[in-house]
file query-v6.cif (mmCIF, C-alpha atoms)
data_start
#
loop_
_atom_site.label_atom_id
_atom_site.label_comp_id
_atom_site.auth_asym_id
_atom_site.auth_seq_id
_atom_site.Cartn_x
_atom_site.Cartn_y
_atom_site.Cartn_z
CA MET A 1 86.37 -31.56 -80.47
CA SER A 2 83.87 -29.11 -79.01
CA GLN A 3 83.42 -29.11 -75.27
CA PRO A 4 80.21 -29.74 -73.33
CA PRO A 5 78.61 -26.30 -72.97
CA PHE A 6 77.76 -26.99 -69.33
CA GLU A 7 79.81 -27.69 -66.27
CA TYR A 8 79.97 -31.37 -65.41
CA ARG A 9 81.87 -32.01 -62.21
CA THR A 10 83.57 -35.28 -61.32
CA VAL A 11 84.05 -36.58 -57.78
CA ASP A 12 85.97 -39.51 -56.32
CA MET A 13 83.48 -41.72 -54.53
CA THR A 14 83.05 -45.44 -53.86
CA ASP A 15 79.73 -47.16 -54.49
CA GLU A 16 79.26 -47.45 -50.71
CA GLU A 17 79.78 -43.72 -50.23
CA PHE A 18 77.37 -43.07 -53.08
CA ALA A 19 74.69 -45.26 -51.45
CA ALA A 20 75.21 -43.57 -48.06
CA GLU A 21 74.90 -40.15 -49.64
CA GLN A 22 71.72 -41.13 -51.42
CA ALA A 23 70.18 -42.35 -48.15
CA VAL A 24 70.94 -39.23 -46.12
CA TYR A 25 70.05 -36.67 -48.78
CA GLY A 26 67.04 -38.71 -49.88
CA GLY A 27 65.76 -38.66 -46.30
CA LEU A 28 65.99 -34.88 -46.00
CA THR A 29 64.40 -34.29 -49.39
CA ASP A 30 61.51 -36.65 -48.71
CA ALA A 31 60.90 -34.85 -45.40
CA LEU A 32 60.87 -31.50 -47.21
CA ARG A 33 58.46 -32.81 -49.84
CA ARG A 34 56.06 -33.79 -47.08
CA LEU A 35 56.50 -30.43 -45.31
CA ASN A 36 55.85 -28.57 -48.57
CA GLU A 37 52.57 -30.40 -49.03
CA VAL A 38 51.51 -30.05 -45.38
CA SER A 39 52.31 -26.32 -45.44
CA LEU A 40 49.73 -25.92 -48.20
CA ARG A 41 47.04 -28.02 -46.52
CA THR A 42 47.45 -26.99 -42.88
CA THR A 43 44.72 -25.06 -41.05
CA VAL A 44 46.60 -24.32 -37.81
CA ASP A 45 46.30 -20.78 -36.43
CA HIS A 46 48.36 -17.86 -37.70
CA ALA A 47 50.55 -17.70 -34.58
CA THR A 48 51.65 -21.28 -35.15
CA ILE A 49 52.33 -20.51 -38.81
CA ALA A 50 54.53 -17.58 -37.75
CA GLU A 51 56.46 -19.73 -35.24
CA THR A 52 56.89 -22.38 -37.91
CA THR A 53 58.30 -19.78 -40.28
CA ARG A 54 61.00 -18.91 -37.76
CA ALA A 55 61.80 -22.61 -37.25
CA VAL A 56 62.17 -23.08 -40.99
CA GLU A 57 64.46 -20.03 -41.21
CA ALA A 58 66.63 -21.47 -38.42
CA ILE A 59 67.09 -24.72 -40.35
CA THR A 60 67.97 -22.79 -43.49
CA ALA A 61 70.56 -20.72 -41.61
CA ARG A 62 72.27 -23.91 -40.47
CA LEU A 63 72.35 -25.50 -43.92
CA GLU A 64 73.48 -22.40 -45.78
CA THR A 65 76.71 -22.06 -43.78
CA GLU A 66 78.34 -24.27 -46.44
CA MET A 67 76.93 -24.36 -49.96
CA ILE A 68 77.88 -24.74 -53.58
CA PRO A 69 77.73 -21.30 -55.22
CA ALA A 70 74.68 -21.85 -57.44
CA ASN A 71 72.94 -24.69 -59.24
CA PHE A 72 73.79 -28.33 -58.66
CA GLY A 73 74.61 -29.36 -62.21
CA VAL A 74 75.42 -32.95 -63.02
CA VAL A 75 78.12 -34.76 -61.07
CA VAL A 76 79.85 -37.88 -62.32
CA THR A 77 81.56 -40.17 -59.81
CA ASN A 78 84.80 -41.95 -60.68
CA ASN A 79 82.72 -45.13 -60.99
CA GLY A 80 80.65 -43.56 -63.74
CA ARG A 81 77.55 -43.00 -61.62
CA VAL A 82 75.70 -39.86 -62.59
CA ARG A 83 74.08 -37.67 -59.97
CA GLY A 84 71.44 -35.46 -61.56
CA TYR A 85 70.37 -34.51 -58.03
CA GLY A 86 69.07 -31.08 -58.99
CA ASN A 87 66.73 -32.17 -61.80
CA SER A 88 63.24 -30.68 -61.34
CA VAL A 89 61.48 -33.97 -62.12
CA VAL A 90 63.75 -36.80 -60.98
CA GLY A 91 66.34 -35.11 -58.73
CA LEU A 92 67.00 -37.06 -55.51
CA ARG A 93 67.92 -33.81 -53.73
CA ASN A 94 65.27 -31.61 -55.32
CA PRO A 95 62.23 -31.13 -53.02
CA ILE A 96 60.06 -29.81 -55.86
CA ALA A 97 60.52 -33.02 -57.88
CA PRO A 98 57.59 -35.41 -57.19
CA PRO A 99 60.04 -37.33 -57.81
CA LEU A 100 59.52 -39.62 -60.76
CA SER A 101 61.21 -43.00 -60.99
CA ILE A 102 61.56 -43.59 -64.72
CA VAL A 103 62.22 -47.02 -66.23
CA GLN A 104 64.12 -46.99 -69.50
CA ASP A 105 63.67 -49.70 -72.12
CA ARG A 106 66.93 -49.82 -74.07
CA VAL A 107 65.80 -52.66 -76.29
CA LYS A 108 62.76 -50.99 -77.80
CA GLY A 109 63.81 -47.40 -77.07
CA GLY A 110 61.31 -46.08 -74.58
CA ALA A 111 60.65 -44.96 -71.04
CA SER A 112 57.77 -45.17 -68.60
CA SER A 113 56.85 -44.14 -65.10
CA GLU A 114 54.13 -44.54 -62.51
CA PHE A 115 53.90 -41.65 -60.11
CA PHE A 116 51.67 -39.72 -57.72
CA LEU A 117 50.90 -36.02 -58.04
CA ASN A 118 49.67 -34.50 -54.80
CA ALA A 119 48.13 -31.13 -53.89
CA LEU A 120 51.36 -29.30 -54.81
CA TYR A 121 50.78 -30.06 -58.49
CA GLU A 122 47.30 -28.56 -58.75
CA GLY A 123 46.08 -26.24 -61.50
CA PRO A 124 42.28 -26.27 -61.89
CA PRO A 125 40.66 -27.38 -58.61
CA GLY A 126 41.24 -31.10 -58.10
CA LYS A 127 43.15 -31.42 -61.36
CA VAL A 128 46.83 -31.60 -62.19
CA HIS A 129 48.23 -28.34 -63.64
CA GLY A 130 48.50 -28.76 -67.42
CA GLY A 131 52.03 -27.40 -67.28
CA VAL A 132 53.05 -30.00 -64.68
CA LEU A 133 51.91 -32.70 -67.10
CA ALA A 134 54.14 -31.07 -69.75
CA LEU A 135 57.00 -31.03 -67.24
CA VAL A 136 56.86 -34.74 -66.42
CA LEU A 137 56.29 -35.72 -70.06
CA ASP A 138 59.30 -33.67 -71.21
CA GLN A 139 61.53 -35.59 -68.78
CA ILE A 140 60.10 -39.01 -69.74
CA PHE A 141 60.41 -38.15 -73.44
CA GLY A 142 64.04 -37.13 -73.01
CA GLU A 143 64.80 -40.41 -71.25
CA ALA A 144 62.98 -42.35 -73.99
CA ALA A 145 65.20 -40.68 -76.59
CA ALA A 146 68.28 -41.52 -74.50
CA ALA A 147 67.14 -45.13 -74.10
CA GLY A 148 66.90 -45.30 -77.88
CA GLY A 149 70.59 -44.38 -78.04
CA THR A 150 70.08 -40.76 -79.10
CA PRO A 151 70.02 -38.47 -76.07
CA GLY A 152 69.10 -34.93 -76.91
CA MET A 153 67.77 -31.56 -75.98
CA THR A 154 64.07 -30.93 -76.54
CA GLY A 155 63.60 -29.25 -79.93
CA THR A 156 59.82 -29.14 -80.05
CA LEU A 157 57.12 -30.55 -77.80
CA THR A 158 53.43 -30.73 -78.69
CA LEU A 159 50.83 -31.68 -76.09
CA ARG A 160 47.19 -32.52 -76.75
CA TYR A 161 45.07 -32.42 -73.61
CA ARG A 162 42.22 -34.88 -74.11
CA LYS A 163 40.59 -34.38 -70.71
CA PRO A 164 41.51 -33.01 -67.28
CA THR A 165 43.80 -35.25 -65.19
CA ALA A 166 42.67 -35.81 -61.61
CA LEU A 167 45.30 -35.32 -58.90
CA GLY A 168 46.59 -38.66 -57.62
CA ALA A 169 48.09 -41.71 -59.28
CA CYS A 170 49.18 -41.25 -62.91
CA SER A 171 51.29 -43.13 -65.39
CA ALA A 172 53.04 -42.18 -68.60
CA SER A 173 54.97 -43.92 -71.33
CA ALA A 174 56.98 -42.73 -74.29
CA TRP A 175 58.69 -44.46 -77.18
CA VAL A 176 61.01 -43.57 -80.03
CA ASP A 177 58.82 -43.27 -83.10
CA SER A 178 61.63 -42.61 -85.56
CA SER A 179 65.22 -41.49 -85.61
CA ALA A 180 67.23 -39.94 -88.43
CA GLY A 181 70.68 -38.46 -88.00
CA ILE A 182 70.67 -36.12 -85.02
CA LYS A 183 66.86 -35.95 -84.81
CA THR A 184 64.66 -38.31 -82.85
CA ILE A 185 60.86 -38.24 -82.79
CA VAL A 186 59.33 -39.45 -79.53
CA LYS A 187 55.63 -40.09 -78.96
CA GLY A 188 53.85 -40.84 -75.74
CA GLU A 189 50.84 -40.52 -73.54
CA LEU A 190 49.80 -39.89 -69.97
CA ARG A 191 47.03 -41.77 -68.17
CA ASP A 192 45.02 -41.06 -65.04
CA ALA A 193 44.23 -43.49 -62.21
CA ASP A 194 41.37 -45.00 -64.26
CA GLY A 195 43.77 -45.77 -67.11
CA ASP A 196 42.18 -43.17 -69.40
CA VAL A 197 44.57 -41.32 -71.72
CA THR A 198 44.39 -37.66 -70.68
CA VAL A 199 47.36 -36.25 -72.64
CA GLU A 200 48.94 -37.28 -75.93
CA ALA A 201 52.27 -35.77 -76.89
CA GLU A 202 54.97 -35.73 -79.52
CA GLY A 203 58.49 -34.38 -79.25
CA LEU A 204 61.50 -33.77 -81.43
CA PHE A 205 64.83 -34.27 -79.68
CA ILE A 206 68.12 -33.05 -81.09
CA LEU A 207 71.53 -34.48 -80.19
CA PRO A 208 73.89 -31.60 -79.29
CA ARG A 209 77.11 -31.31 -81.30
CA TRP A 210 79.42 -31.95 -78.33
CA ALA A 211 77.52 -35.13 -77.43
CA ARG A 212 77.66 -36.38 -81.01
CA GLU A 213 81.42 -35.98 -81.12
CA GLN A 214 81.92 -37.47 -77.69
CA LEU A 215 79.82 -40.53 -78.50
CA ALA A 216 81.55 -41.01 -81.84
CA GLU A 217 84.99 -40.90 -80.20
CA SER A 218 84.24 -43.16 -77.26
CA GLY A 219 81.80 -45.57 -78.83
CA GLU A 220 80.06 -45.58 -75.45
CA THR A 221 76.37 -45.48 -74.67
CA PRO A 222 75.25 -42.29 -72.92
CA PRO A 223 75.22 -42.23 -69.11
CA GLN A 224 72.00 -42.98 -67.24
CA TYR A 225 70.65 -40.87 -64.42
CA GLU A 226 70.16 -42.36 -60.99
CA MET B 1 22.71 -25.46 -66.28
CA SER B 2 25.67 -27.74 -65.84
CA GLN B 3 27.70 -27.41 -62.66
CA PRO B 4 31.41 -26.64 -62.35
CA PRO B 5 33.09 -30.05 -62.39
CA PHE B 6 35.40 -29.02 -59.55
CA GLU B 7 34.85 -28.00 -56.00
CA TYR B 8 35.02 -24.27 -55.45
CA ARG B 9 34.69 -23.31 -51.80
CA THR B 10 33.48 -19.96 -50.52
CA VAL B 11 34.57 -18.34 -47.25
CA ASP B 12 33.43 -15.25 -45.37
CA MET B 13 36.40 -12.94 -45.02
CA THR B 14 37.01 -9.20 -44.93
CA ASP B 15 39.68 -7.59 -47.10
CA GLU B 16 41.75 -6.99 -43.93
CA GLU B 17 41.55 -10.66 -42.98
CA PHE B 18 42.49 -11.58 -46.51
CA ALA B 19 45.57 -9.33 -46.40
CA ALA B 20 46.63 -10.70 -43.00
CA GLU B 21 46.27 -14.24 -44.27
CA GLN B 22 48.36 -13.48 -47.33
CA ALA B 23 51.14 -12.03 -45.16
CA VAL B 24 51.39 -14.94 -42.74
CA TYR B 25 51.10 -17.74 -45.31
CA GLY B 26 53.31 -15.86 -47.77
CA GLY B 27 56.00 -15.64 -45.11
CA LEU B 28 55.99 -19.37 -44.42
CA THR B 29 55.96 -20.27 -48.10
CA ASP B 30 58.83 -17.92 -48.93
CA ALA B 31 60.84 -19.44 -46.07
CA LEU B 32 60.16 -22.92 -47.43
CA ARG B 33 61.15 -21.89 -50.95
CA ARG B 34 64.49 -20.73 -49.60
CA LEU B 35 64.92 -23.93 -47.52
CA ASN B 36 64.13 -26.06 -50.58
CA GLU B 37 66.87 -24.35 -52.56
CA VAL B 38 69.41 -24.40 -49.72
CA SER B 39 68.73 -28.11 -49.11
CA LEU B 40 69.87 -28.80 -52.67
CA ARG B 41 72.97 -26.62 -52.50
CA THR B 42 74.21 -27.32 -48.98
CA THR B 43 77.49 -29.15 -48.37
CA VAL B 44 77.21 -29.56 -44.57
CA ASP B 45 78.15 -32.97 -43.17
CA HIS B 46 75.81 -35.95 -43.16
CA ALA B 47 75.21 -35.80 -39.39
CA THR B 48 73.88 -32.26 -39.73
CA ILE B 49 71.70 -33.33 -42.65
CA ALA B 50 70.24 -36.13 -40.51
CA GLU B 51 69.54 -33.74 -37.61
CA THR B 52 67.95 -31.31 -40.03
CA THR B 53 65.71 -34.06 -41.35
CA ARG B 54 64.38 -34.67 -37.82
CA ALA B 55 63.81 -30.94 -37.32
CA VAL B 56 61.83 -30.78 -40.57
CA GLU B 57 59.75 -33.77 -39.52
CA ALA B 58 58.97 -32.06 -36.21
CA ILE B 59 57.66 -28.98 -38.00
CA THR B 60 55.54 -31.15 -40.27
CA ALA B 61 54.06 -33.00 -37.29
CA ARG B 62 52.95 -29.70 -35.79
CA LEU B 63 51.34 -28.41 -39.00
CA GLU B 64 49.58 -31.65 -39.90
CA THR B 65 47.55 -31.75 -36.69
CA GLU B 66 44.88 -29.74 -38.55
CA MET B 67 44.62 -29.97 -42.33
CA ILE B 68 42.19 -29.88 -45.18
CA PRO B 69 41.68 -33.44 -46.45
CA ALA B 70 43.44 -33.15 -49.79
CA ASN B 71 44.17 -30.51 -52.42
CA PHE B 72 43.59 -26.82 -51.83
CA GLY B 73 41.30 -26.08 -54.75
CA VAL B 74 40.12 -22.57 -55.41
CA VAL B 75 38.51 -20.56 -52.64
CA VAL B 76 36.34 -17.51 -53.26
CA THR B 77 35.84 -14.99 -50.46
CA ASN B 78 32.50 -13.25 -49.98
CA ASN B 79 34.17 -10.13 -51.45
CA GLY B 80 34.89 -11.98 -54.66
CA ARG B 81 38.60 -12.40 -54.08
CA VAL B 82 39.91 -15.64 -55.48
CA ARG B 83 42.57 -17.63 -53.67
CA GLY B 84 44.29 -20.02 -56.05
CA TYR B 85 46.82 -20.66 -53.28
CA GLY B 86 47.63 -24.19 -54.42
CA ASN B 87 48.51 -23.39 -58.03
CA SER B 88 51.88 -24.90 -59.01
CA VAL B 89 53.08 -21.72 -60.74
CA VAL B 90 51.47 -18.78 -58.97
CA GLY B 91 50.14 -20.21 -55.69
CA LEU B 92 50.90 -17.98 -52.68
CA ARG B 93 50.91 -21.06 -50.42
CA ASN B 94 52.65 -23.43 -52.81
CA PRO B 95 56.40 -23.76 -52.02
CA ILE B 96 57.15 -25.37 -55.39
CA ALA B 97 55.80 -22.32 -57.28
CA PRO B 98 58.70 -19.93 -58.14
CA PRO B 99 56.17 -18.04 -57.78
CA LEU B 100 55.31 -16.02 -60.85
CA SER B 101 53.63 -12.64 -60.61
CA ILE B 102 51.68 -12.36 -63.85
CA VAL B 103 50.37 -9.06 -65.21
CA GLN B 104 47.23 -9.33 -67.32
CA ASP B 105 46.44 -6.87 -70.09
CA ARG B 106 42.67 -6.85 -70.43
CA VAL B 107 42.66 -4.23 -73.16
CA LYS B 108 44.77 -6.08 -75.70
CA GLY B 109 44.21 -9.56 -74.27
CA GLY B 110 47.57 -10.70 -73.02
CA ALA B 111 49.74 -11.54 -70.04
CA SER B 112 53.39 -11.19 -69.12
CA SER B 113 55.75 -11.94 -66.29
CA GLU B 114 59.32 -11.37 -65.17
CA PHE B 115 60.63 -14.06 -62.87
CA PHE B 116 63.71 -15.81 -61.54
CA LEU B 117 64.34 -19.55 -61.86
CA ASN B 118 66.88 -20.81 -59.34
CA ALA B 119 68.72 -24.12 -58.92
CA LEU B 120 65.45 -25.96 -58.18
CA TYR B 121 64.36 -25.51 -61.79
CA GLU B 122 67.41 -27.11 -63.42
CA GLY B 123 67.38 -29.68 -66.20
CA PRO B 124 70.62 -29.76 -68.20
CA PRO B 125 73.48 -28.39 -66.06
CA GLY B 126 73.11 -24.64 -65.67
CA LYS B 127 69.97 -24.56 -67.79
CA VAL B 128 66.28 -24.38 -66.96
CA HIS B 129 64.47 -27.71 -67.37
CA GLY B 130 62.58 -27.62 -70.69
CA GLY B 131 59.49 -28.89 -68.90
CA VAL B 132 59.65 -26.06 -66.36
CA LEU B 133 59.57 -23.60 -69.25
CA ALA B 134 56.45 -25.40 -70.52
CA LEU B 135 54.95 -25.17 -67.02
CA VAL B 136 55.36 -21.42 -66.67
CA LEU B 137 54.28 -20.76 -70.26
CA ASP B 138 51.10 -22.83 -69.81
CA GLN B 139 50.12 -20.67 -66.84
CA ILE B 140 50.91 -17.38 -68.60
CA PHE B 141 49.05 -18.54 -71.71
CA GLY B 142 45.99 -19.45 -69.67
CA GLU B 143 46.01 -16.02 -68.05
CA ALA B 144 46.41 -14.35 -71.45
CA ALA B 145 43.31 -16.20 -72.68
CA ALA B 146 41.42 -15.13 -69.53
CA ALA B 147 42.56 -11.52 -69.97
CA GLY B 148 41.13 -11.68 -73.48
CA GLY B 149 37.75 -12.54 -71.97
CA THR B 150 37.81 -16.24 -72.82
CA PRO B 151 39.24 -18.26 -69.94
CA GLY B 152 39.77 -21.87 -70.82
CA MET B 153 41.43 -25.19 -70.26
CA THR B 154 44.54 -25.92 -72.30
CA GLY B 155 43.54 -27.90 -75.42
CA THR B 156 46.89 -28.08 -77.16
CA LEU B 157 50.26 -26.53 -76.42
CA THR B 158 53.21 -26.50 -78.83
CA LEU B 159 56.65 -25.38 -77.70
CA ARG B 160 59.64 -24.67 -79.92
CA TYR B 161 62.91 -24.55 -78.01
CA ARG B 162 65.22 -22.18 -79.92
CA LYS B 163 68.16 -22.45 -77.53
CA PRO B 164 68.86 -23.49 -73.94
CA THR B 165 67.66 -21.05 -71.26
CA ALA B 166 70.21 -20.20 -68.58
CA LEU B 167 69.01 -20.41 -64.97
CA GLY B 168 68.35 -16.95 -63.54
CA ALA B 169 66.23 -14.03 -64.64
CA CYS B 170 63.67 -14.77 -67.38
CA SER B 171 60.66 -13.06 -68.87
CA ALA B 172 57.71 -14.25 -70.90
CA SER B 173 54.76 -12.72 -72.67
CA ALA B 174 51.68 -14.12 -74.36
CA TRP B 175 48.85 -12.60 -76.35
CA VAL B 176 45.53 -13.69 -77.83
CA ASP B 177 46.20 -14.29 -81.51
CA SER B 178 42.60 -15.09 -82.45
CA SER B 179 39.36 -16.16 -80.84
CA ALA B 180 36.37 -17.91 -82.38
CA GLY B 181 33.47 -19.28 -80.38
CA ILE B 182 34.82 -21.37 -77.52
CA LYS B 183 38.35 -21.58 -78.94
CA THR B 184 41.13 -19.08 -78.34
CA ILE B 185 44.59 -19.23 -79.92
CA VAL B 186 47.35 -17.78 -77.76
CA LYS B 187 50.92 -17.16 -78.90
CA GLY B 188 53.90 -16.16 -76.85
CA GLU B 189 57.59 -16.37 -76.15
CA LEU B 190 60.08 -16.71 -73.35
CA ARG B 191 63.31 -14.74 -73.08
CA ASP B 192 66.50 -15.22 -71.08
CA ALA B 193 68.39 -12.57 -69.10
CA ASP B 194 70.05 -11.31 -72.31
CA GLY B 195 66.65 -10.71 -73.90
CA ASP B 196 67.12 -13.54 -76.42
CA VAL B 197 64.00 -15.53 -77.30
CA THR B 198 64.68 -19.09 -76.13
CA VAL B 199 61.19 -20.61 -76.49
CA GLU B 200 58.32 -19.82 -78.85
CA ALA B 201 54.93 -21.34 -78.13
CA GLU B 202 51.36 -21.55 -79.33
CA GLY B 203 48.34 -22.80 -77.44
CA LEU B 204 44.69 -23.56 -78.05
CA PHE B 205 42.44 -22.84 -75.08
CA ILE B 206 38.87 -24.13 -74.84
CA LEU B 207 36.17 -22.59 -72.66
CA PRO B 208 34.49 -25.34 -70.60
CA ARG B 209 30.72 -25.78 -70.99
CA TRP B 210 29.89 -24.86 -67.37
CA ALA B 211 31.93 -21.66 -67.63
CA ARG B 212 30.22 -20.71 -70.89
CA GLU B 213 26.80 -21.07 -69.33
CA GLN B 214 27.79 -19.29 -66.15
CA LEU B 215 29.26 -16.32 -68.02
CA ALA B 216 26.22 -16.11 -70.31
CA GLU B 217 23.84 -16.06 -67.35
CA SER B 218 25.72 -13.57 -65.20
CA GLY B 219 27.18 -11.31 -67.87
CA GLU B 220 30.21 -11.04 -65.57
CA THR B 221 33.87 -11.11 -66.46
CA PRO B 222 35.71 -14.14 -65.14
CA PRO B 223 37.41 -13.91 -61.72
CA GLN B 224 41.11 -13.04 -61.56
CA TYR B 225 43.61 -14.90 -59.44
CA GLU B 226 45.52 -13.10 -56.72
#

call {"tool": "encode", "arguments": {"input": "query-v6.cif", "output": "structure tokens"}}
result
Amino acid sequence: MSQPPFEYRTVDMTDEEFAAEQAVYGGLTDALRRLNEVSLRTTVDHATIAETTRAVEAITARLETEMIPANFGVVVTNNGRVRGYGNSVVGLRNPIAPPLSIVQDRVKGGASSEFFLNALYEGPPGKVHGGVLALVLDQIFGEAAAAGGTPGMTGTLTLRYRKPTALGACSASAWVDSSAGIKTIVKGELRDADGDVTVEAEGLFILPRWAREQLAESGETPPQYE
Amino acid sequence: MSQPPFEYRTVDMTDEEFAAEQAVYGGLTDALRRLNEVSLRTTVDHATIAETTRAVEAITARLETEMIPANFGVVVTNNGRVRGYGNSVVGLRNPIAPPLSIVQDRVKGGASSEFFLNALYEGPPGKVHGGVLALVLDQIFGEAAAAGGTPGMTGTLTLRYRKPTALGACSASAWVDSSAGIKTIVKGELRDADGDVTVEAEGLFILPRWAREQLAESGETPPQYE
């Protein structure tokens, strides 16, 4: 059978070690998310900004003494838990991820999320960047396809922006519209804090060859991110 | 005439002050971008992570003593320079922006950029998140429309993913395909480090009413981000 085209690493880890790791890394990443936002909104004087820069560089120097060589990838523990820590939308260890907590519906084949987009996600003044809305929808759509039993790579994605989306609380939902062979059509929408639909979208997701063969051999459902 | 629906602030500032501000804020934001990436890739022990978390929180506490109330918005200096510092893709003060440096072609009506997407922009292992590619393309497309003389909000955006995009060096270009009244069609593509086209896209951009009226009254070209 063909191999996964990407590097998946496996680690030995108990559920307790996994929980401890999530707590400590989650704490650092949440602190960095807050610092990222505050760094954009602060109005302290330039001398303080310069001192802060040196303090940030000192922290970086300490952390970079031991690092993985490049990207995080996806790590599977021996208990089958999947750590997609680096994912730009949901990654527990990724400070640029809002992050989204996405609920999958495996019965109906869908996914949804309620989330908050702060000043870091701005495009037009006061509004969420249209591309950020595409980013979060792509992730939710992919998880909807996976919840429907057909995980896949995005083939096409079409977004219709009905009105600007104010920064702040948002929600989005996606559902499998149809599925045939290796192709799954997902539809969905994004709503602002008032509940108004601001973006409608449709995506075509394609199951990669290696995943098709792996699923056929094992008879297993695809792994879920956490 | 109708008013801009968003808050644009104006500040008095000389070009020298503007340059100094860009240097000091750019330094902090670059340092944070590096820290964000290192925080994802580090393998130092949990005790060090916990200490680092407290150090990050201390920096945040210092910066948040004086802040603007919410999002950054767009600030125009009295010399007409525009600071879109908060923008998620190009913002000088936004640590989640890669950031992209986008070159506009006002003669032909287009925009292009060469950029690097590191571990923070990962979706599938080793590959750029499909939604991140949508994010950067939306920004480049919007700037292409503006370079063509018709700035606008994204109306629709369609992305065709031809193959996965490896993390690392990428480039993208977009051009005005046609323009009629308030609607502009932009087309473009994204390439990986090998020069292969990995994403093709098409977007419809719509000039907002307030911008139409403002441009008609002033006869000016729209402001450019820097």

call {"tool": "atom_distance", "arguments": {"input": "query-v6.cif", "atom1": "CA of Leu63 in chain B", "atom2": "CA of Val24 in chain B"}}
result
14.0 Å

call {"tool": "residues_around", "arguments": {"input": "query-v6.cif", "residues": "Gly110 in chain B", "least_positions_apart": "5", "cutoff": "7 Å", "atoms": "only C-alpha atoms", "output": "VMD selection string"}}
result
chain B and resid 104 to 105 144 to 145 147 to 148 174 to 176

call {"tool": "resolve_selection", "arguments": {"input": "query-v6.cif", "expression": "the PyMOL selection byres ((chain B and resi 55-59) around 10)", "output": "ChimeraX atom specification"}}
result
/A:28-32,34-35,38-39,51-53,55-56,58-59 /B:49-54,60-64

call {"tool": "resolve_selection", "arguments": {"input": "query-v6.cif", "expression": "the PyMOL selection byres ((chain B and resi 165) around 7)", "output": "PyMOL selection string"}}
result
chain B and resi 127-128+163-164+166-167+192+198

call {"tool": "atom_distance", "arguments": {"input": "query-v6.cif", "atom1": "CA of Pro151 in chain A", "atom2": "CA of Gly195 in chain A"}}
result
28.7 Å

call {"tool": "atom_distance", "arguments": {"input": "query-v6.cif", "atom1": "CA of Thr65 in chain A", "atom2": "CA of Leu40 in chain B"}}
result
13.1 Å

call {"tool": "residues_around", "arguments": {"input": "query-v6.cif", "residues": "Gly84 in chain B", "least_positions_apart": "6", "cutoff": "7 Å", "atoms": "all atoms listed in the file", "output": "compact mmCIF listing (two decimals) with C-alpha atoms, in the coordinates of the input"}}
result
# COMPACT_ATOMS: atom_id res chain seq x y z
CA GLY B 73 41.30 -26.08 -54.75
CA VAL B 74 40.12 -22.57 -55.41
CA VAL B 75 38.51 -20.56 -52.64
CA GLY B 91 50.14 -20.21 -55.69
CA TYR B 225 43.61 -14.90 -59.44

call {"tool": "closest_residue", "arguments": {"input": "query-v6.cif", "among": "B:Val186, B:Leu207, B:Leu159, B:Ala111", "to": "Gly130 in chain B", "atoms": "all atoms listed in the file"}}
result
B:Leu159

call {"tool": "residues_around", "arguments": {"input": "query-v6.cif", "residues": "Thr43 in chain A", "least_positions_apart": "6", "cutoff": "7 Å", "atoms": "all atoms listed in the file", "output": "list in words"}}
result
Glu66, Met67 and Ile68 of chain B

call {"tool": "resolve_selection", "arguments": {"input": "query-v6.cif", "expression": "the PyMOL selection byres ((chain A and resi 93) around 10)", "output": "PDB file with C-alpha atoms, keeping the file's coordinate frame"}}
result
ATOM      1  CA  GLN A  22      71.720 -41.130 -51.420  1.00  0.00           C
ATOM      2  CA  VAL A  24      70.940 -39.230 -46.120  1.00  0.00           C
ATOM      3  CA  TYR A  25      70.050 -36.670 -48.780  1.00  0.00           C
ATOM      4  CA  GLY A  26      67.040 -38.710 -49.880  1.00  0.00           C
ATOM      5  CA  GLY A  27      65.760 -38.660 -46.300  1.00  0.00           C
ATOM      6  CA  LEU A  28      65.990 -34.880 -46.000  1.00  0.00           C
ATOM      7  CA  THR A  29      64.400 -34.290 -49.390  1.00  0.00           C
ATOM      8  CA  ASP A  30      61.510 -36.650 -48.710  1.00  0.00           C
ATOM      9  CA  LEU A  32      60.870 -31.500 -47.210  1.00  0.00           C
ATOM     10  CA  PHE A  72      73.790 -28.330 -58.660  1.00  0.00           C
ATOM     11  CA  ARG A  83      74.080 -37.670 -59.970  1.00  0.00           C
ATOM     12  CA  GLY A  84      71.440 -35.460 -61.560  1.00  0.00           C
ATOM     13  CA  TYR A  85      70.370 -34.510 -58.030  1.00  0.00           C
ATOM     14  CA  GLY A  86      69.070 -31.080 -58.990  1.00  0.00           C
ATOM     15  CA  ASN A  87      66.730 -32.170 -61.800  1.00  0.00           C
ATOM     16  CA  SER A  88      63.240 -30.680 -61.340  1.00  0.00           C
ATOM     17  CA  VAL A  90      63.750 -36.800 -60.980  1.00  0.00           C
ATOM     18  CA  GLY A  91      66.340 -35.110 -58.730  1.00  0.00           C
ATOM     19  CA  LEU A  92      67.000 -37.060 -55.510  1.00  0.00           C
ATOM     20  CA  ASN A  94      65.270 -31.610 -55.320  1.00  0.00           C
ATOM     21  CA  PRO A  95      62.230 -31.130 -53.020  1.00  0.00           C
ATOM     22  CA  ILE A  96      60.060 -29.810 -55.860  1.00  0.00           C
ATOM     23  CA  ALA A  97      60.520 -33.020 -57.880  1.00  0.00           C
ATOM     24  CA  PRO A  99      60.040 -37.330 -57.810  1.00  0.00           C
TER      25      PRO A  99
ATOM     26  CA  ASN B  36      64.130 -26.060 -50.580  1.00  0.00           C
ATOM     27  CA  GLU B  37      66.870 -24.350 -52.560  1.00  0.00           C
ATOM     28  CA  SER B  39      68.730 -28.110 -49.110  1.00  0.00           C
ATOM     29  CA  LEU B  40      69.870 -28.800 -52.670  1.00  0.00           C
ATOM     30  CA  ARG B  41      72.970 -26.620 -52.500  1.00  0.00           C
ATOM     31  CA  LEU B 120      65.450 -25.960 -58.180  1.00  0.00           C
TER      32      LEU B 120
END
